[in-house]
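Pasting model-v1.tsv here (TSV, C-alpha atoms):
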chain	number	residue	atom	x	y	z
A	386	MET	CA	209.25	62.86	64.97
A	387	LYS	CA	205.91	61.27	65.72
A	388	LYS	CA	205.06	60.23	69.29
A	389	SER	CA	204.45	56.57	70.00
A	390	LEU	CA	201.06	55.77	71.50
A	391	ARG	CA	199.75	52.36	72.54
A	392	VAL	CA	195.99	52.39	72.01
A	393	LEU	CA	193.53	49.67	72.88
A	394	ILE	CA	190.43	50.26	70.78
A	395	VAL	CA	187.14	48.70	71.87
A	396	GLU	CA	185.14	48.89	68.68
A	397	ASP	CA	183.22	46.54	66.37
A	398	SER	CA	183.60	48.77	63.29
A	399	GLU	CA	186.86	48.68	61.32
A	400	ASP	CA	185.90	51.93	59.59
A	401	ASP	CA	185.44	53.77	62.91
A	402	THR	CA	188.73	52.30	64.14
A	403	ALA	CA	190.45	53.66	61.05
A	404	LEU	CA	188.89	57.09	61.70
A	405	VAL	CA	190.32	57.16	65.25
A	406	LEU	CA	193.77	56.11	64.03
A	407	GLU	CA	193.79	58.70	61.25
A	408	THR	CA	192.85	61.44	63.72
A	409	LEU	CA	195.74	60.45	66.00
A	410	LYS	CA	198.22	60.38	63.10
A	411	GLU	CA	197.14	63.84	62.04
A	412	ARG	CA	197.97	65.09	65.56
A	413	GLY	CA	201.51	63.71	65.45
A	414	TYR	CA	201.04	60.28	66.96
A	415	ASN	CA	202.33	56.95	65.71
A	416	PRO	CA	199.66	54.68	67.20
A	417	VAL	CA	200.36	51.06	68.02
A	418	TYR	CA	196.91	49.56	68.44
A	419	LYS	CA	194.78	46.51	68.94
A	420	ARG	CA	191.06	46.34	68.24
A	421	VAL	CA	188.79	44.19	70.43
A	422	GLU	CA	185.04	43.74	70.37
A	423	ILE	CA	184.28	41.04	72.94
A	424	PRO	CA	185.25	40.65	76.62
A	425	GLU	CA	187.57	37.68	76.05
A	426	GLU	CA	189.63	39.64	73.52
A	427	MET	CA	189.96	42.57	75.88
A	428	ILE	CA	191.05	40.36	78.78
A	429	ASP	CA	193.79	38.86	76.59
A	430	ALA	CA	194.87	42.30	75.39
A	431	LEU	CA	195.14	43.65	78.94
A	432	ARG	CA	197.23	40.65	79.98
A	433	GLN	CA	199.56	40.69	77.00
A	434	SER	CA	200.54	44.37	76.68
A	435	PRO	CA	200.61	47.65	78.58
A	436	TRP	CA	198.37	50.39	77.11
A	437	ASP	CA	198.56	54.16	77.27
A	438	VAL	CA	194.87	54.72	76.59
A	439	VAL	CA	191.64	52.88	75.88
A	440	VAL	CA	189.29	54.35	73.25
A	441	SER	CA	185.91	52.65	73.32
A	442	ASP	CA	182.54	52.79	71.60
A	443	TYR	CA	179.73	53.03	74.14
A	444	THR	CA	177.71	50.06	72.94
A	445	MET	CA	178.31	47.11	70.63
A	446	PRO	CA	176.40	43.90	69.87
A	447	ARG	CA	178.43	41.75	72.34
A	448	PHE	CA	180.22	44.31	74.50
A	449	ASN	CA	179.96	47.86	75.86
A	450	ALA	CA	182.02	50.58	77.49
A	451	LEU	CA	180.73	49.94	81.02
A	452	ALA	CA	181.73	46.27	80.85
A	453	ALA	CA	185.13	47.27	79.45
A	454	MET	CA	185.73	49.61	82.37
A	455	ARG	CA	184.85	46.84	84.82
A	456	LEU	CA	187.45	44.57	83.23
A	457	ILE	CA	190.10	47.28	83.64
A	458	LYS	CA	189.22	47.73	87.31
A	459	GLU	CA	189.22	43.97	87.90
A	460	ALA	CA	192.71	43.82	86.39
A	461	GLY	CA	193.84	46.50	88.86
A	462	LEU	CA	194.89	48.89	86.08
A	463	ASP	CA	194.69	52.65	85.83
A	464	ILE	CA	194.37	53.48	82.10
A	465	PRO	CA	192.75	56.61	80.66
A	466	PHE	CA	189.38	55.56	79.22
A	467	ILE	CA	187.75	57.71	76.55
A	468	ILE	CA	184.38	56.96	74.99
A	469	VAL	CA	183.97	57.71	71.29
A	470	THR	CA	180.42	56.99	70.14
A	471	GLY	CA	177.92	57.82	67.48
A	472	SER	CA	175.32	59.15	69.86
A	473	ILE	CA	175.06	59.49	73.61
A	474	GLY	CA	172.47	61.17	75.80
A	475	GLU	CA	173.30	63.33	78.78
A	476	GLU	CA	172.02	60.76	81.28
A	477	ILE	CA	174.12	58.00	79.71
A	478	ALA	CA	177.17	60.27	79.62
A	479	VAL	CA	176.84	61.03	83.33
A	480	ARG	CA	176.48	57.35	84.07
A	481	ALA	CA	179.60	56.56	82.04
A	482	MET	CA	181.66	59.24	83.82
A	483	LYS	CA	180.53	57.95	87.21
A	484	ALA	CA	181.55	54.43	86.13
A	485	GLY	CA	185.11	55.63	85.47
A	486	ALA	CA	185.24	57.12	81.97
A	487	HIS	CA	187.60	60.10	81.76
A	488	ASP	CA	185.98	61.79	78.75
A	489	TYR	CA	183.52	61.18	75.92
A	490	MET	CA	182.98	62.60	72.46
A	491	MET	CA	181.12	62.00	69.21
A	492	LYS	CA	182.59	60.10	66.29
A	493	ASP	CA	181.72	62.90	63.90
A	494	ASN	CA	183.77	65.41	65.90
A	495	LEU	CA	187.14	64.01	67.09
A	496	SER	CA	188.91	67.36	67.36
A	497	ARG	CA	189.16	66.90	71.15
A	498	LEU	CA	190.48	63.35	70.99
A	499	SER	CA	194.22	64.11	71.00
A	500	PRO	CA	194.05	66.90	73.64
A	501	ALA	CA	191.91	64.62	75.83
A	502	ILE	CA	194.39	61.76	75.49
A	503	GLU	CA	197.34	64.03	76.37
A	504	ARG	CA	195.50	65.48	79.37
A	505	GLU	CA	194.40	62.12	80.73
A	506	MET	CA	197.82	60.53	80.23
A	507	GLN	CA	199.33	63.34	82.31
A	508	GLU	CA	196.65	62.82	84.94
A	509	ALA	CA	197.40	59.09	84.96
A	510	VAL	CA	201.07	59.83	85.58
A	511	ARG	CA	200.12	62.11	88.48
A	512	ARG	CA	197.85	59.42	89.93
A	513	ARG	CA	200.63	56.84	89.68
A	514	GLU	CA	203.08	59.20	91.39
A	515	HIS	CA	200.50	59.91	94.10
A	516	ARG	CA	199.88	56.19	94.65
A	517	GLN	CA	203.60	55.56	94.76
A	518	ALA	CA	204.04	58.31	97.36
A	519	ASP	CA	201.13	56.86	99.37
A	520	ASP	CA	202.64	53.38	99.18
A	521	GLU	CA	206.03	54.69	100.28
A	522	LEU	CA	204.40	56.54	103.17
A	523	LYS	CA	202.45	53.41	104.20
A	524	ASN	CA	205.62	51.33	103.98
A	525	SER	CA	207.48	53.91	106.04
A	526	ARG	CA	204.75	53.91	108.69
A	527	GLN	CA	204.70	50.12	108.74
A	528	GLN	CA	208.47	50.03	109.14
A	529	LEU	CA	208.20	52.47	112.05
A	530	ARG	CA	205.49	50.31	113.63
A	531	ASP	CA	207.59	47.20	113.13
A	532	LEU	CA	210.51	49.00	114.73
A	533	ALA	CA	208.30	50.15	117.60
A	534	ALA	CA	207.07	46.59	118.09
A	535	ARG	CA	210.64	45.34	118.12
A	536	LEU	CA	211.71	48.03	120.58
A	537	ASN	CA	208.71	47.24	122.82
A	538	SER	CA	209.63	43.57	122.75
A	539	ILE	CA	213.26	44.32	123.61
A	540	ARG	CA	212.23	46.74	126.35
A	541	GLU	CA	209.88	44.20	127.92
A	542	LYS	CA	212.60	41.54	127.86
A	543	GLU	CA	215.08	43.94	129.45
A	544	ARG	CA	212.53	44.97	132.08
A	545	ALA	CA	211.83	41.32	132.85
A	546	TRP	CA	215.57	40.61	133.19
A	547	ILE	CA	216.19	43.66	135.39
A	548	SER	CA	213.15	42.78	137.50
A	549	ARG	CA	214.44	39.24	138.05
A	550	GLU	CA	217.93	40.48	138.88
A	551	ILE	CA	216.63	43.05	141.35
A	552	HIS	CA	214.28	40.54	142.94
A	553	ASP	CA	216.71	37.64	143.07
A	554	GLU	CA	220.06	39.32	143.69
A	555	LEU	CA	219.19	42.42	145.74
A	556	GLY	CA	216.27	40.68	147.41
A	557	GLN	CA	218.45	37.80	148.55
A	558	LEU	CA	221.20	40.18	149.63
A	559	PHE	CA	218.88	42.26	151.79
A	560	THR	CA	217.33	39.12	153.22
A	561	SER	CA	220.79	37.88	154.19
A	562	ILE	CA	221.62	41.22	155.80
A	563	LYS	CA	218.33	41.09	157.67
A	564	TYR	CA	219.16	37.61	158.94
A	565	GLU	CA	222.67	38.61	160.06
A	566	LEU	CA	221.34	41.66	161.90
A	567	SER	CA	218.78	39.49	163.65
A	568	LEU	CA	221.48	37.08	164.83
A	569	LEU	CA	223.68	39.92	166.00
A	570	ARG	CA	220.82	41.47	167.92
A	571	LYS	CA	220.01	38.17	169.63
A	572	ARG	CA	223.65	37.75	170.74
A	573	ILE	CA	223.75	41.24	172.20
A	574	VAL	CA	220.49	40.67	174.05
A	575	LYS	CA	221.89	37.47	175.60
A	576	GLN	CA	224.90	39.29	177.01
A	577	GLU	CA	224.63	40.18	180.69
A	578	GLY	CA	224.27	43.74	181.81
A	579	HIS	CA	222.26	46.66	180.61
A	580	SER	CA	224.81	49.28	179.87
A	581	GLU	CA	223.93	52.41	178.01
A	582	ALA	CA	226.22	51.35	175.14
A	583	LYS	CA	224.42	48.03	174.85
A	584	THR	CA	221.05	49.72	174.74
A	585	ASP	CA	222.29	52.12	172.07
A	586	ILE	CA	223.58	49.22	169.95
A	587	GLU	CA	220.23	47.42	170.26
A	588	GLU	CA	218.35	50.52	169.13
A	589	ARG	CA	220.70	51.06	166.21
A	590	LEU	CA	220.35	47.43	165.16
A	591	LYS	CA	216.56	47.72	165.29
A	592	THR	CA	216.68	50.92	163.24
A	593	THR	CA	218.98	49.28	160.70
A	594	SER	CA	216.73	46.22	160.57
A	595	ASP	CA	213.72	48.44	159.91
A	596	MET	CA	215.65	50.18	157.13
A	597	VAL	CA	216.44	46.82	155.56
A	598	ASP	CA	212.73	45.93	155.74
A	599	THR	CA	211.94	49.15	153.91
A	600	ALA	CA	214.66	48.41	151.34
A	601	ILE	CA	213.25	44.91	150.77
A	602	LYS	CA	209.75	46.34	150.17
A	603	THR	CA	211.20	48.98	147.83
A	604	VAL	CA	213.06	46.32	145.84
A	605	GLN	CA	209.89	44.25	145.56
A	606	LYS	CA	207.93	47.31	144.45
A	607	ILE	CA	210.49	48.30	141.81
A	608	ALA	CA	210.72	44.72	140.50
A	609	THR	CA	206.93	44.48	140.28
A	610	GLU	CA	206.58	47.81	138.49
A	611	LEU	CA	209.25	46.84	135.99
A	612	ARG	CA	207.58	43.56	135.15
A	613	PRO	CA	204.79	42.06	137.29
A	614	GLY	CA	205.70	38.42	137.80
A	615	ILE	CA	202.01	37.55	137.95
A	616	LEU	CA	201.68	38.44	134.24
A	617	ASP	CA	204.24	35.78	133.30
A	618	ASP	CA	203.22	33.23	135.93
A	619	LEU	CA	199.43	33.44	135.99
A	620	GLY	CA	198.46	35.30	132.81
A	621	LEU	CA	196.68	38.45	131.68
A	622	MET	CA	193.43	38.16	133.62
A	623	ALA	CA	195.19	37.51	136.92
A	624	ALA	CA	197.54	40.43	136.22
A	625	ILE	CA	194.63	42.79	135.47
A	626	GLU	CA	192.83	41.67	138.63
A	627	TRP	CA	195.99	42.25	140.68
A	628	GLN	CA	196.61	45.65	139.06
A	629	ALA	CA	193.03	46.78	139.72
A	630	SER	CA	193.31	45.76	143.39
A	631	GLU	CA	196.72	47.41	143.77
A	632	PHE	CA	195.40	50.56	142.09
A	633	GLN	CA	192.50	50.76	144.53
A	634	GLN	CA	194.71	50.26	147.58
A	635	ARG	CA	197.29	52.77	146.40
A	636	THR	CA	194.97	55.57	145.24
A	637	GLY	CA	191.78	55.06	147.25
A	638	ILE	CA	189.78	55.09	143.99
A	639	ALA	CA	187.18	52.32	143.95
A	640	CYS	CA	188.07	49.93	141.11
A	641	ARG	CA	185.64	47.16	140.15
A	642	LEU	CA	186.40	44.42	137.63
A	643	HIS	CA	183.51	42.64	135.89
A	644	THR	CA	184.46	39.56	133.88
A	645	ASP	CA	183.84	35.82	133.67
A	646	LEU	CA	187.02	35.20	131.71
A	647	GLN	CA	189.83	33.10	133.08
A	648	ILE	CA	191.54	32.13	129.85
A	649	VAL	CA	192.33	34.52	126.99
A	650	GLN	CA	193.70	33.43	123.62
A	651	LEU	CA	196.53	35.95	123.42
A	652	ASP	CA	200.20	35.20	123.00
A	653	HIS	CA	202.84	36.57	125.36
A	654	GLU	CA	203.46	39.83	123.47
A	655	GLN	CA	199.76	40.49	122.93
A	656	ALA	CA	199.00	39.95	126.61
A	657	THR	CA	201.85	42.29	127.57
A	658	ALA	CA	200.55	45.00	125.21
A	659	VAL	CA	196.99	44.78	126.58
A	660	PHE	CA	198.30	44.91	130.16
A	661	ARG	CA	200.47	47.97	129.41
A	662	ILE	CA	197.48	49.74	127.84
A	663	PHE	CA	195.43	48.92	130.94
A	664	GLN	CA	198.18	50.34	133.16
A	665	GLU	CA	198.36	53.52	131.08
A	666	VAL	CA	194.59	54.06	131.34
A	667	LEU	CA	194.74	53.73	135.13
A	668	THR	CA	197.72	56.10	135.26
A	669	ASN	CA	195.78	58.70	133.26
A	670	ILE	CA	192.82	58.35	135.61
A	671	VAL	CA	195.02	59.10	138.63
A	672	ARG	CA	196.76	62.03	136.96
A	673	HIS	CA	193.93	63.76	135.13
A	674	ALA	CA	190.43	62.41	135.80
A	675	GLY	CA	189.71	63.38	139.39
A	676	ALA	CA	187.60	60.22	139.59
A	677	THR	CA	186.36	58.31	142.63
A	678	ARG	CA	185.22	55.16	140.82
A	679	VAL	CA	186.44	53.00	137.91
A	680	GLU	CA	184.41	50.24	136.25
A	681	ILE	CA	186.23	47.63	134.14
A	682	ARG	CA	184.39	45.13	131.94
A	683	ILE	CA	186.18	42.45	129.94
A	684	LYS	CA	184.56	39.92	127.64
A	685	GLU	CA	185.26	37.77	124.62
A	686	LYS	CA	182.94	37.70	121.64
A	687	ALA	CA	183.28	36.48	118.04
A	688	GLY	CA	187.02	35.99	118.24
A	689	ARG	CA	187.73	39.38	119.81
A	690	LEU	CA	188.62	40.60	123.27
A	691	TYR	CA	186.63	43.62	124.45
A	692	VAL	CA	187.92	45.78	127.29
A	693	ASP	CA	185.83	48.70	128.56
A	694	ILE	CA	187.18	51.06	131.22
A	695	LYS	CA	184.92	53.84	132.53
A	696	ASP	CA	185.54	56.39	135.26
A	697	ASN	CA	183.31	59.03	136.85
A	698	GLY	CA	185.81	61.87	136.57
A	699	ARG	CA	185.71	65.20	134.79
A	700	GLY	CA	185.71	63.62	131.30
A	701	ILE	CA	188.42	63.91	128.66
A	702	THR	CA	187.97	66.72	126.10
A	703	ALA	CA	188.24	66.45	122.33
A	704	GLU	CA	191.29	68.71	122.44
A	705	GLU	CA	193.00	66.35	124.89
A	706	ARG	CA	192.11	63.27	122.87
A	707	PHE	CA	193.77	64.60	119.73
A	708	ASN	CA	196.65	66.50	121.35
A	709	PRO	CA	199.86	65.32	119.59
A	710	LYS	CA	201.76	65.94	122.83
A	711	SER	CA	199.66	63.36	124.69
A	712	LEU	CA	202.34	60.70	124.50
A	713	GLY	CA	200.43	58.31	126.74
A	714	LEU	CA	197.42	58.25	124.40
A	715	LEU	CA	199.72	58.04	121.38
A	716	GLY	CA	201.49	55.06	122.94
A	717	MET	CA	198.18	53.29	123.56
A	718	ARG	CA	197.05	53.85	119.97
A	719	GLU	CA	200.34	52.54	118.60
A	720	ARG	CA	200.15	49.41	120.76
A	721	VAL	CA	196.59	48.78	119.56
A	722	LEU	CA	197.61	49.23	115.91
A	723	LEU	CA	200.39	46.68	116.37
A	724	LEU	CA	197.73	44.25	117.60
A	725	ASN	CA	195.49	45.01	114.57
A	726	GLY	CA	192.91	46.19	117.07
A	727	GLU	CA	190.82	49.26	117.68
A	728	ILE	CA	190.69	51.81	120.48
A	729	ARG	CA	188.00	54.41	121.07
A	730	ILE	CA	188.33	57.11	123.71
A	731	SER	CA	185.36	59.32	124.56
A	732	GLY	CA	184.39	61.64	127.36
A	733	ALA	CA	181.62	63.91	128.57
A	734	SER	CA	182.03	66.85	130.89
A	735	LYS	CA	181.61	65.76	134.54
A	736	LYS	CA	180.42	62.34	133.35
A	737	GLY	CA	183.77	60.65	133.01
A	738	THR	CA	185.91	59.04	130.33
A	739	HIS	CA	185.30	55.78	128.49
A	740	VAL	CA	188.11	53.76	126.90
A	741	HIS	CA	186.96	50.92	124.64
A	742	LEU	CA	189.42	48.33	123.31
A	743	LYS	CA	188.75	45.66	120.70
A	744	ILE	CA	191.58	43.19	120.14
A	745	PRO	CA	191.45	40.23	117.71
A	746	LEU	CA	192.31	36.92	119.34
A	747	LYS	CA	194.49	34.38	117.65
A	748	ALA	CA	195.50	30.81	118.21
A	749	GLY	CA	198.57	30.35	120.33
A	750	PRO	CA	199.64	29.75	123.90
A	751	PRO	CA	196.80	31.31	125.92
A	752	SER	CA	197.26	33.87	128.66
A	753	ALA	CA	195.56	32.16	131.59
A	754	SER	CA	195.83	31.21	135.18
A	755	PRO	CA	196.88	27.64	136.07
A	756	GLU	CA	193.40	26.98	137.48
A	757	ALA	CA	191.85	27.93	134.14
A	758	GLY	CA	194.09	25.47	132.35
A	759	ASP	CA	193.35	22.55	134.67
Whole structure, structure tokens version:
Amino acid sequence: MKKSLRVLIVEDSEDDTALVLETLKERGYNPVYKRVEIPEEMIDALRQSPWDVVVSDYTMPRFNALAAMRLIKEAGLDIPFIIVTGSIGEEIAVRAMKAGAHDYMMKDNLSRLSPAIEREMQEAVRRREHRQADDELKNSRQQLRDLAARLNSIREKERAWISREIHDELGQLFTSIKYELSLLRKRIVKQEGHSEAKTDIEERLKTTSDMVDTAIKTVQKIATELRPGILDDLGLMAAIEWQASEFQQRTGIACRLHTDLQIVQLDHEQATAVFRIFQEVLTNIVRHAGATRVEIRIKEKAGRLYVDIKDNGRGITAEERFNPKSLGLLGMRERVLLLNGEIRISGASKKGTHVHLKIPLKAGPPSASPEAGD
């Protein structure tokens, strides 16, 4: 039984077309074909039917093989393309192969035509399978990123809720306890006498009051670390300024912020992602850099937000930058990808580490301080 083969023949000679078809029939094919000789005919043929292979003359009065290959590429198709011509020089053959031809041969020797078609059809199948696998992998990665974005969003909402509950409920409770202890202490002080028991009670009340003060500060610290209220109330720039100041006070590492920005065109989730990346960079500096100074520069240019963070520490190594176990760096890269941005991390021995962020801005509720919006 003969094998079906859909052949698009780019040829101005009916006799040469018949020669190609006869060769294919002799090799066990039952060719279904269409002959075209001008660009408009080929465009129609590509739109109307799928083709297994294109067999083309190299040059014709109103068309040529190079132009035919361009039309196939413009149509987004991957079809084996074989040149069958009367004469072709080596230089022209190389040019044709570079342009996308899969093989070429002379019209007076078509013995390789059928083997070439079979080989290139198999290669086309492999390319399609490879593209399909690539597409599936890209879709899988995108689904994972979408899931990560969703999980980040849920986590931030939960952190914001827990932060509010801790601040409002526990904070108010401790404040009430503090107030009651203060009243109790005042009543004891007003009582006459200075017995040892009274003195002991006063001291215990003071100690308990101090413990409540510590608890209130701890609650405020936990609530702030879970979700800094300044990020929601005053915006990204105010939150970064606060974080830089808090970092310097807590670690003793000099932290200088250079920026003229007050308003940043980032929505709530974008601002949160940039702030979390900033926090992670500072955390890495404390843990690994051994730095004494951090310089932060933030600017907006051509619809993008640029954030540069440099320290004067030991400098991150290439091995550390690409270590798959560096979950902090991986998390930063994933957040940047979700923002359609770019991150570049570089380091030099004893000259510090440089983190460069580039985030596209988009229209939406800006992240800004109230003063910037006035």
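Considering the residues A:Arg512, A:Arg718, A:Arg504, A:Arg699 and counting all atoms listed in the file, His739 in chain A has its shortest atom-to-atom contact with A:Arg699.
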Neighbouring residues of range 639-642 of chain A were defined as those with any atom within 9 Å, considering only C-alpha atoms; residues of the same chain fewer than 6 positions away were excluded. Please report them as JSON, numbers by chain.
{"A": [625, 626, 629, 630, 632, 633, 677, 678, 679, 680, 681, 682, 683]}
Which is closest to Pro416 in chain A among A:Leu621, A:Ile586, A:Ala656, A:Leu390, if we use all atoms listed in the file?
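Distance minimum relative to Pro416 in chain A lands on A:Leu390.
Considering the residues A:Ile468, A:Ile562, A:Val659, A:Ala452 and counting all atoms listed in the file, Ala600 in chain A has its shortest atom-to-atom contact with A:Ile562.
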One decimal, in Å: what's the spacing between CA of Leu723 in chain A and CA of Gln628 in chain A?
23.0 Å
Length of the CA of Lys388 in chain A to CA of Leu498 in chain A vector [Å]:
15.0 Å
Taking all atoms listed in the file into account, name the residue in A:Arg455, A:His515, A:His741, A:Arg570 that is nearest to Ile662 in chain A.
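Nearest candidate to Ile662 in chain A out of A:Arg455, A:His515, A:His741, A:Arg570: A:His741.
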Shortest interatomic distance to Lys736 in chain A - which of A:Asn697, A:Thr592, A:Thr668, A:Thr560, counting all atoms listed in the file
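Counting all atoms listed in the file, the residue closest to Lys736 in chain A is A:Asn697.
If all atoms listed in the file are the atoms counted, then among A:Gly688, A:Asp519, A:Met622, A:Ala453 the closest residue to Glu425 in chain A is A:Ala453.
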Hey, can you check how far CA of Glu587 in chain A sits from CA of Ser561 in chain A?
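Result for CA of Glu587 in chain A versus CA of Ser561 in chain A: 18.7 Å, one decimal.
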Please list as a ChimeraX atom specification every residue within 9 Å of Gly713 in chain A, counting all atoms listed in the file and excluding residues in the same chain fewer than 4 positions away.
/A:665-666,669,717-718
Range 476-493 of chain A environment, 7 Å, all atoms listed in the file, sequence neighbours closer than 3 positions dropped, as a PyMOL selection string:
chain A and resi 451+454+465-473
